[in-house]
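Text of model.csv (CSV, C-alpha atoms) as supplied:
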chain,number,residue,atom,x,y,z
S,1,MET,CA,-15.7,-56.0,45.3
S,2,THR,CA,-19.1,-54.4,45.5
S,3,GLU,CA,-20.6,-51.0,45.0
S,4,LYS,CA,-23.7,-49.8,47.0
S,5,VAL,CA,-26.3,-47.9,45.0
S,6,ARG,CA,-29.7,-46.3,45.7
S,7,PHE,CA,-32.4,-45.3,43.2
S,8,ARG,CA,-36.1,-44.3,43.5
S,9,SER,CA,-39.0,-46.7,43.1
S,10,THR,CA,-41.7,-45.8,40.6
S,11,VAL,CA,-43.9,-45.2,43.7
S,12,GLY,CA,-41.3,-42.8,45.4
S,13,PRO,CA,-39.2,-44.4,48.1
S,14,GLU,CA,-35.5,-45.2,47.6
S,15,LEU,CA,-34.5,-48.7,46.9
S,16,ALA,CA,-31.1,-50.2,48.0
S,17,GLY,CA,-28.9,-52.1,45.7
S,18,VAL,CA,-25.5,-53.7,45.4
S,19,ILE,CA,-23.4,-54.2,42.3
S,20,ASP,CA,-21.1,-57.2,42.4
S,21,LEU,CA,-18.3,-55.9,40.3
S,22,PRO,CA,-16.8,-58.2,37.7
S,23,GLU,CA,-13.4,-59.9,38.2
S,24,GLY,CA,-10.9,-60.2,35.5
S,25,GLU,CA,-11.9,-59.5,31.9
S,26,ILE,CA,-15.3,-57.7,31.8
S,27,ARG,CA,-17.7,-59.9,29.7
S,28,GLY,CA,-20.8,-57.8,30.4
S,29,TRP,CA,-23.2,-56.5,33.0
S,30,GLY,CA,-26.4,-57.8,34.4
S,31,LEU,CA,-29.4,-57.4,36.7
S,32,PHE,CA,-30.8,-59.9,39.1
S,33,VAL,CA,-34.5,-59.7,40.1
S,34,HIS,CA,-35.2,-61.5,43.5
S,35,GLY,CA,-38.2,-63.5,44.5
S,36,PHE,CA,-41.6,-62.5,46.1
S,37,THR,CA,-40.7,-61.6,49.7
S,38,LEU,CA,-37.0,-62.4,49.4
S,39,GLY,CA,-34.3,-59.7,48.8
S,40,LYS,CA,-30.9,-58.9,47.3
S,41,ASP,CA,-29.1,-60.9,50.1
S,42,SER,CA,-31.2,-64.1,49.7
S,43,PRO,CA,-29.1,-67.1,48.7
S,44,ALA,CA,-30.3,-67.2,45.1
S,45,ALA,CA,-29.7,-63.5,44.5
S,46,SER,CA,-26.4,-63.1,46.3
S,47,ARG,CA,-24.7,-66.4,45.3
S,48,VAL,CA,-25.8,-66.3,41.7
S,49,SER,CA,-24.7,-62.7,41.3
S,50,LYS,CA,-21.4,-63.1,43.0
S,51,GLN,CA,-20.5,-66.2,40.9
S,52,LEU,CA,-21.5,-64.4,37.7
S,53,ALA,CA,-19.2,-61.5,38.8
S,54,ARG,CA,-16.4,-63.9,39.4
S,55,GLU,CA,-16.9,-65.0,35.8
S,56,GLY,CA,-16.7,-61.5,34.5
S,57,ILE,CA,-20.4,-60.4,34.5
S,58,GLY,CA,-21.0,-57.6,36.9
S,59,MET,CA,-24.5,-57.9,38.5
S,60,LEU,CA,-26.8,-55.4,40.2
S,61,ARG,CA,-29.2,-56.9,42.8
S,62,TYR,CA,-31.5,-54.8,44.8
S,63,ASP,CA,-34.2,-54.9,47.5
S,64,ASN,CA,-37.8,-54.3,46.4
S,65,LEU,CA,-40.0,-51.8,48.2
S,66,GLY,CA,-40.0,-52.2,52.0
S,67,ILE,CA,-37.5,-55.1,52.0
S,68,GLY,CA,-33.9,-55.2,53.4
S,69,GLY,CA,-32.3,-51.8,53.0
S,70,SER,CA,-35.0,-50.3,50.8
S,71,ASP,CA,-37.4,-47.7,52.1
S,72,GLY,CA,-41.2,-47.7,51.8
S,73,ASP,CA,-43.9,-50.2,52.6
S,74,TRP,CA,-43.9,-53.6,51.0
S,75,GLY,CA,-47.7,-53.5,50.7
S,76,ASP,CA,-47.5,-50.5,48.5
S,77,GLY,CA,-45.8,-52.6,45.8
S,78,SER,CA,-47.4,-55.0,43.4
S,79,PHE,CA,-46.4,-57.1,40.4
S,80,THR,CA,-46.7,-54.0,38.2
S,81,VAL,CA,-44.5,-52.0,40.5
S,82,LYS,CA,-41.9,-54.8,40.6
S,83,VAL,CA,-41.8,-54.8,36.8
S,84,GLN,CA,-41.5,-51.0,36.7
S,85,ASP,CA,-38.8,-51.0,39.3
S,86,THR,CA,-36.9,-53.7,37.4
S,87,VAL,CA,-36.8,-51.2,34.4
S,88,ARG,CA,-35.7,-48.4,36.8
S,89,ALA,CA,-32.8,-50.6,38.0
S,90,ALA,CA,-31.8,-51.2,34.4
S,91,ASN,CA,-31.9,-47.5,33.8
S,92,LEU,CA,-29.6,-46.9,36.7
S,93,MET,CA,-27.1,-49.3,35.1
S,94,ALA,CA,-27.3,-47.6,31.8
S,95,GLU,CA,-26.8,-44.2,33.4
S,96,ARG,CA,-23.6,-45.3,35.1
S,97,GLY,CA,-22.2,-46.5,31.7
S,98,THR,CA,-22.7,-50.2,32.3
S,99,PRO,CA,-26.0,-51.1,30.5
S,100,VAL,CA,-27.6,-54.4,31.2
S,101,ASP,CA,-26.7,-57.2,28.9
S,102,LEU,CA,-28.0,-60.1,31.0
S,103,LEU,CA,-31.3,-60.1,32.9
S,104,VAL,CA,-31.8,-62.9,35.5
S,105,GLY,CA,-34.9,-63.5,37.6
S,106,HIS,CA,-35.6,-65.9,40.4
S,107,SER,CA,-39.0,-67.2,41.3
S,108,TRP,CA,-41.6,-64.3,41.1
S,109,GLY,CA,-38.6,-62.2,40.0
S,110,GLY,CA,-38.4,-64.5,37.0
S,111,ALA,CA,-41.9,-63.6,36.1
S,112,ALA,CA,-41.1,-59.9,36.6
S,113,ALA,CA,-38.0,-60.3,34.4
S,114,LEU,CA,-40.1,-61.8,31.6
S,115,ALA,CA,-42.5,-59.0,31.8
S,116,ALA,CA,-39.9,-56.3,31.9
S,117,ALA,CA,-37.5,-57.6,29.2
S,118,ALA,CA,-39.2,-55.8,26.4
S,119,GLU,CA,-38.9,-52.4,28.2
S,120,ILE,CA,-35.2,-52.6,28.9
S,121,THR,CA,-33.1,-51.3,26.0
S,122,GLY,CA,-30.1,-53.4,25.0
S,123,VAL,CA,-30.7,-56.6,27.0
S,124,ARG,CA,-29.1,-59.4,25.0
S,125,ALA,CA,-30.1,-62.5,27.1
S,126,LEU,CA,-32.7,-63.4,29.7
S,127,ALA,CA,-32.6,-66.3,32.2
S,128,THR,CA,-35.3,-67.4,34.7
S,129,ILE,CA,-34.8,-69.7,37.7
S,130,GLY,CA,-37.8,-71.4,39.2
S,131,ALA,CA,-40.2,-68.9,37.7
S,132,PRO,CA,-44.0,-69.3,37.7
S,133,VAL,CA,-45.8,-68.9,34.3
S,134,ASP,CA,-48.6,-66.9,36.1
S,135,PRO,CA,-47.8,-64.2,38.7
S,136,SER,CA,-50.9,-65.1,40.6
S,137,HIS,CA,-49.2,-68.3,41.6
S,138,VAL,CA,-48.1,-66.4,44.8
S,139,GLU,CA,-51.8,-66.2,45.9
S,140,ARG,CA,-51.5,-69.6,47.5
S,141,GLN,CA,-49.0,-68.1,49.9
S,142,TYR,CA,-51.5,-65.6,51.3
S,143,ASP,CA,-54.7,-67.4,50.5
S,144,ALA,CA,-55.6,-67.7,54.2
S,145,VAL,CA,-55.9,-63.9,54.6
S,146,MET,CA,-57.0,-62.9,51.1
S,147,ASP,CA,-60.7,-62.6,52.0
S,148,ARG,CA,-59.9,-60.3,55.0
S,149,VAL,CA,-57.6,-58.2,52.8
S,150,LEU,CA,-60.3,-57.7,50.1
S,151,SER,CA,-63.0,-56.9,52.7
S,152,ALA,CA,-60.9,-54.7,55.0
S,153,GLY,CA,-58.5,-53.2,52.5
S,154,ALA,CA,-55.4,-54.5,54.3
S,155,HIS,CA,-54.4,-57.2,56.7
S,156,GLU,CA,-51.2,-58.2,58.5
S,157,TRP,CA,-49.5,-61.3,57.0
S,158,PHE,CA,-46.8,-63.3,58.7
S,159,VAL,CA,-44.3,-64.7,56.3
S,160,GLY,CA,-40.6,-65.6,56.4
S,161,GLY,CA,-40.3,-64.7,60.0
S,162,ARG,CA,-41.7,-61.2,59.7
S,163,THR,CA,-45.0,-59.4,59.5
S,164,LEU,CA,-45.9,-57.7,56.2
S,165,VAL,CA,-49.1,-55.7,55.5
S,166,LEU,CA,-50.9,-57.1,52.5
S,167,LYS,CA,-53.1,-54.6,50.8
S,168,ARG,CA,-56.1,-54.9,48.5
S,169,ALA,CA,-54.5,-53.1,45.6
S,170,PHE,CA,-51.6,-55.5,45.7
S,171,VAL,CA,-53.8,-58.5,45.7
S,172,GLU,CA,-56.0,-57.2,42.8
S,173,ASP,CA,-52.9,-56.2,40.8
S,174,VAL,CA,-51.5,-59.7,41.1
S,175,HIS,CA,-54.8,-61.4,40.3
S,176,HIS,CA,-55.1,-59.4,37.1
S,177,ALA,CA,-51.5,-59.7,35.9
S,178,HIS,CA,-51.1,-61.5,32.6
S,179,LEU,CA,-47.7,-62.8,31.6
S,180,ARG,CA,-48.2,-65.3,28.8
S,181,ASP,CA,-48.7,-62.5,26.1
S,182,ARG,CA,-45.5,-60.9,27.3
S,183,ILE,CA,-43.6,-64.2,27.2
S,184,ARG,CA,-44.6,-64.6,23.5
S,185,LYS,CA,-43.2,-61.1,22.8
S,186,VAL,CA,-39.8,-61.7,24.4
S,187,ASN,CA,-37.2,-61.1,21.7
S,188,GLN,CA,-34.1,-62.0,23.7
S,189,PRO,CA,-32.7,-65.5,23.8
S,190,LEU,CA,-34.3,-67.2,26.8
S,191,LEU,CA,-32.8,-69.8,29.3
S,192,VAL,CA,-35.3,-71.5,31.6
S,193,LEU,CA,-33.8,-73.2,34.6
S,194,HIS,CA,-36.0,-75.2,37.0
S,195,SER,CA,-35.6,-78.0,39.5
S,196,PRO,CA,-37.8,-81.1,38.9
S,197,THR,CA,-38.1,-81.4,42.7
S,198,ASP,CA,-39.1,-77.7,43.3
S,199,SER,CA,-41.9,-78.0,45.8
S,200,THR,CA,-42.8,-74.3,45.7
S,201,VAL,CA,-43.2,-73.7,42.0
S,202,ASP,CA,-43.8,-76.9,40.1
S,203,ILE,CA,-41.6,-77.7,37.1
S,204,ALA,CA,-44.7,-77.7,34.9
S,205,ASN,CA,-44.4,-73.9,35.0
S,206,ALA,CA,-41.0,-74.1,33.2
S,207,GLY,CA,-42.6,-76.2,30.5
S,208,GLU,CA,-45.3,-73.7,29.9
S,209,ILE,CA,-42.9,-70.8,29.8
S,210,PHE,CA,-40.7,-72.7,27.4
S,211,ARG,CA,-43.7,-73.5,25.1
S,212,GLU,CA,-44.9,-69.9,25.1
S,213,ALA,CA,-41.5,-68.4,24.3
S,214,ARG,CA,-39.9,-67.9,20.9
S,215,HIS,CA,-36.6,-69.3,19.7
S,216,PRO,CA,-33.8,-69.1,20.6
S,217,ARG,CA,-34.9,-70.8,23.9
S,218,SER,CA,-33.2,-73.3,26.1
S,219,PHE,CA,-34.1,-75.4,29.2
S,220,VAL,CA,-31.9,-76.8,31.9
S,221,SER,CA,-33.1,-79.0,34.7
S,222,LEU,CA,-31.5,-78.2,38.0
S,223,GLU,CA,-31.6,-81.7,39.5
S,224,GLY,CA,-31.2,-81.8,43.3
S,225,ALA,CA,-31.9,-78.1,43.8
S,226,ASP,CA,-34.6,-76.7,46.1
S,227,HIS,CA,-36.6,-73.6,45.1
S,228,LEU,CA,-34.5,-71.1,47.1
S,229,LEU,CA,-31.2,-72.6,45.9
S,230,THR,CA,-30.0,-73.0,49.5
S,231,ALA,CA,-28.4,-76.4,49.0
S,232,ARG,CA,-24.6,-76.3,48.9
S,233,GLY,CA,-23.3,-75.3,45.5
S,234,GLN,CA,-26.6,-75.1,43.7
S,235,ALA,CA,-26.8,-71.3,43.2
S,236,GLN,CA,-23.2,-71.4,41.9
S,237,ARG,CA,-24.1,-74.2,39.6
S,238,ALA,CA,-27.0,-72.2,38.2
S,239,ALA,CA,-24.7,-69.3,37.7
S,240,HIS,CA,-22.1,-71.4,35.8
S,241,ILE,CA,-24.8,-72.6,33.5
S,242,ILE,CA,-26.1,-69.1,32.9
S,243,SER,CA,-22.6,-67.8,32.3
S,244,ALA,CA,-21.8,-70.5,29.7
S,245,TRP,CA,-25.1,-70.2,27.9
S,246,ALA,CA,-25.0,-66.3,27.8
S,247,ASP,CA,-21.4,-66.2,26.5
S,248,GLN,CA,-22.5,-66.4,22.8
S,249,TYR,CA,-24.8,-63.5,23.3
S,250,ILE,CA,-22.9,-61.1,25.5
S,251,ASP,CA,-19.3,-61.9,24.9
S,252,GLY,CA,-17.3,-58.7,24.6
S,253,SER,CA,-20.3,-56.4,25.1
S,254,GLY,CA,-19.0,-55.1,28.4
S,255,SER,CA,-15.4,-54.6,27.5
S,256,GLY,CA,-15.8,-50.8,27.6
S,257,GLY,CA,-17.6,-50.8,31.0
S,258,LYS,CA,-16.3,-49.8,34.4
S,259,ALA,CA,-14.1,-52.4,36.1
S,260,SER,CA,-14.6,-50.9,39.5
S,261,GLN,CA,-16.1,-48.1,41.5
S,262,GLY,CA,-15.3,-46.6,44.8
Here is the file; what I need is its structure written in the form of structure tokens.
Amino acid sequence: MTEKVRFRSTVGPELAGVIDLPEGEIRGWGLFVHGFTLGKDSPAASRVSKQLAREGIGMLRYDNLGIGGSDGDWGDGSFTVKVQDTVRAANLMAERGTPVDLLVGHSWGGAAALAAAAEITGVRALATIGAPVDPSHVERQYDAVMDRVLSAGAHEWFVGGRTLVLKRAFVEDVHHAHLRDRIRKVNQPLLVLHSPTDSTVDIANAGEIFREARHPRSFVSLEGADHLLTARGQAQRAAHIISAWADQYIDGSGSGGKASQG
């Protein structure tokens, strides 16, 4: 079962989200942060969240600005906005009486989750999947148009079968985003998952995140997985691992939460 929700971005437009409601005993509640130009219905976001819900952890996943069912212009976002909207999504969960125990981020969303963790009250555990240690890692995706964006202020960028408008403020924000200091300040137990054959974000990023983080910290190699977790069973496998690892930190924390909504 799912519950549709909407909440406002820090820059104004409404964002669309879905809560995958937990099955059976409620173990806790979580928030999934999707990758760069992906969305709440991408394989990693939807499959990981649904599997965690099957295992008793209800998960909110939502579309960032201008993606999927969310309003606004993607180009008006940035890494800073993504982090702030992650905090807003967590606030929504707290307001409905199901505060976030588990924060999960995939790819660029993993970087955002690391940056947002300290600003979300009550988070007990944090997991990243295929995350870069530096948010500017995404610059290689739009390197061909970056000069035109910086000179003209904006430029159309074709990615993932659609055209997005990349804006100077977005590029500059990403370029100046610093994550390492925030990783060192993460107080929650951290699980770093990464595939050794990830051709989008090299596994060396996982090693650097792990080295920067405090204990308790754990690393799991997702052998055979691609970056987007599209291979059969890989997203569910990642969810199983996260669920088992998080159990010692969130067990029983969600027992008083809502089992279902209309």
*Name the residues within 9 Å of (-41.8, -71.8, 43.6), counting all atoms listed in the file in the file's coordinates, and put them as JSON, numbers by chain.*
{"S": [107, 108, 130, 131, 132, 137, 138, 198, 199, 200, 201, 202, 203, 227, 228]}
_Option closest in space to Arg184 in chain S, from S:Ala118, S:Leu164, S:Val145, S:Tyr249 [counting only C-alpha atoms]_ = S:Ala118
*Near Trp29 in chain S, within 7 Å and counting all atoms listed in the file, which residues show up once chain neighbours fewer than 5 positions away are dropped, as a PyMOL selection string?*
chain S and resi 57-59+98-102+254
Could those residues be written to a file, using C-alpha atoms, as a PDB file, in the frame of the given file?
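Just written: selection-v8.pdb:
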ATOM      1  CA  ILE S  57     -20.400 -60.400  34.500  1.00  0.00           C
ATOM      2  CA  GLY S  58     -21.000 -57.600  36.900  1.00  0.00           C
ATOM      3  CA  MET S  59     -24.500 -57.900  38.500  1.00  0.00           C
ATOM      4  CA  THR S  98     -22.700 -50.200  32.300  1.00  0.00           C
ATOM      5  CA  PRO S  99     -26.000 -51.100  30.500  1.00  0.00           C
ATOM      6  CA  VAL S 100     -27.600 -54.400  31.200  1.00  0.00           C
ATOM      7  CA  ASP S 101     -26.700 -57.200  28.900  1.00  0.00           C
ATOM      8  CA  LEU S 102     -28.000 -60.100  31.000  1.00  0.00           C
ATOM      9  CA  GLY S 254     -19.000 -55.100  28.400  1.00  0.00           C
TER      10      GLY S 254
END
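We find CA of Arg61 in chain S and CA of Val18 in chain S to be spaced 5.5 Å apart.
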*Lys167 in chain S environment, 10 Å, only C-alpha atoms, sequence neighbours closer than 4 positions dropped, as a ChimeraX atom specification*: /S:74-78,146,148-150,152-157,171-172
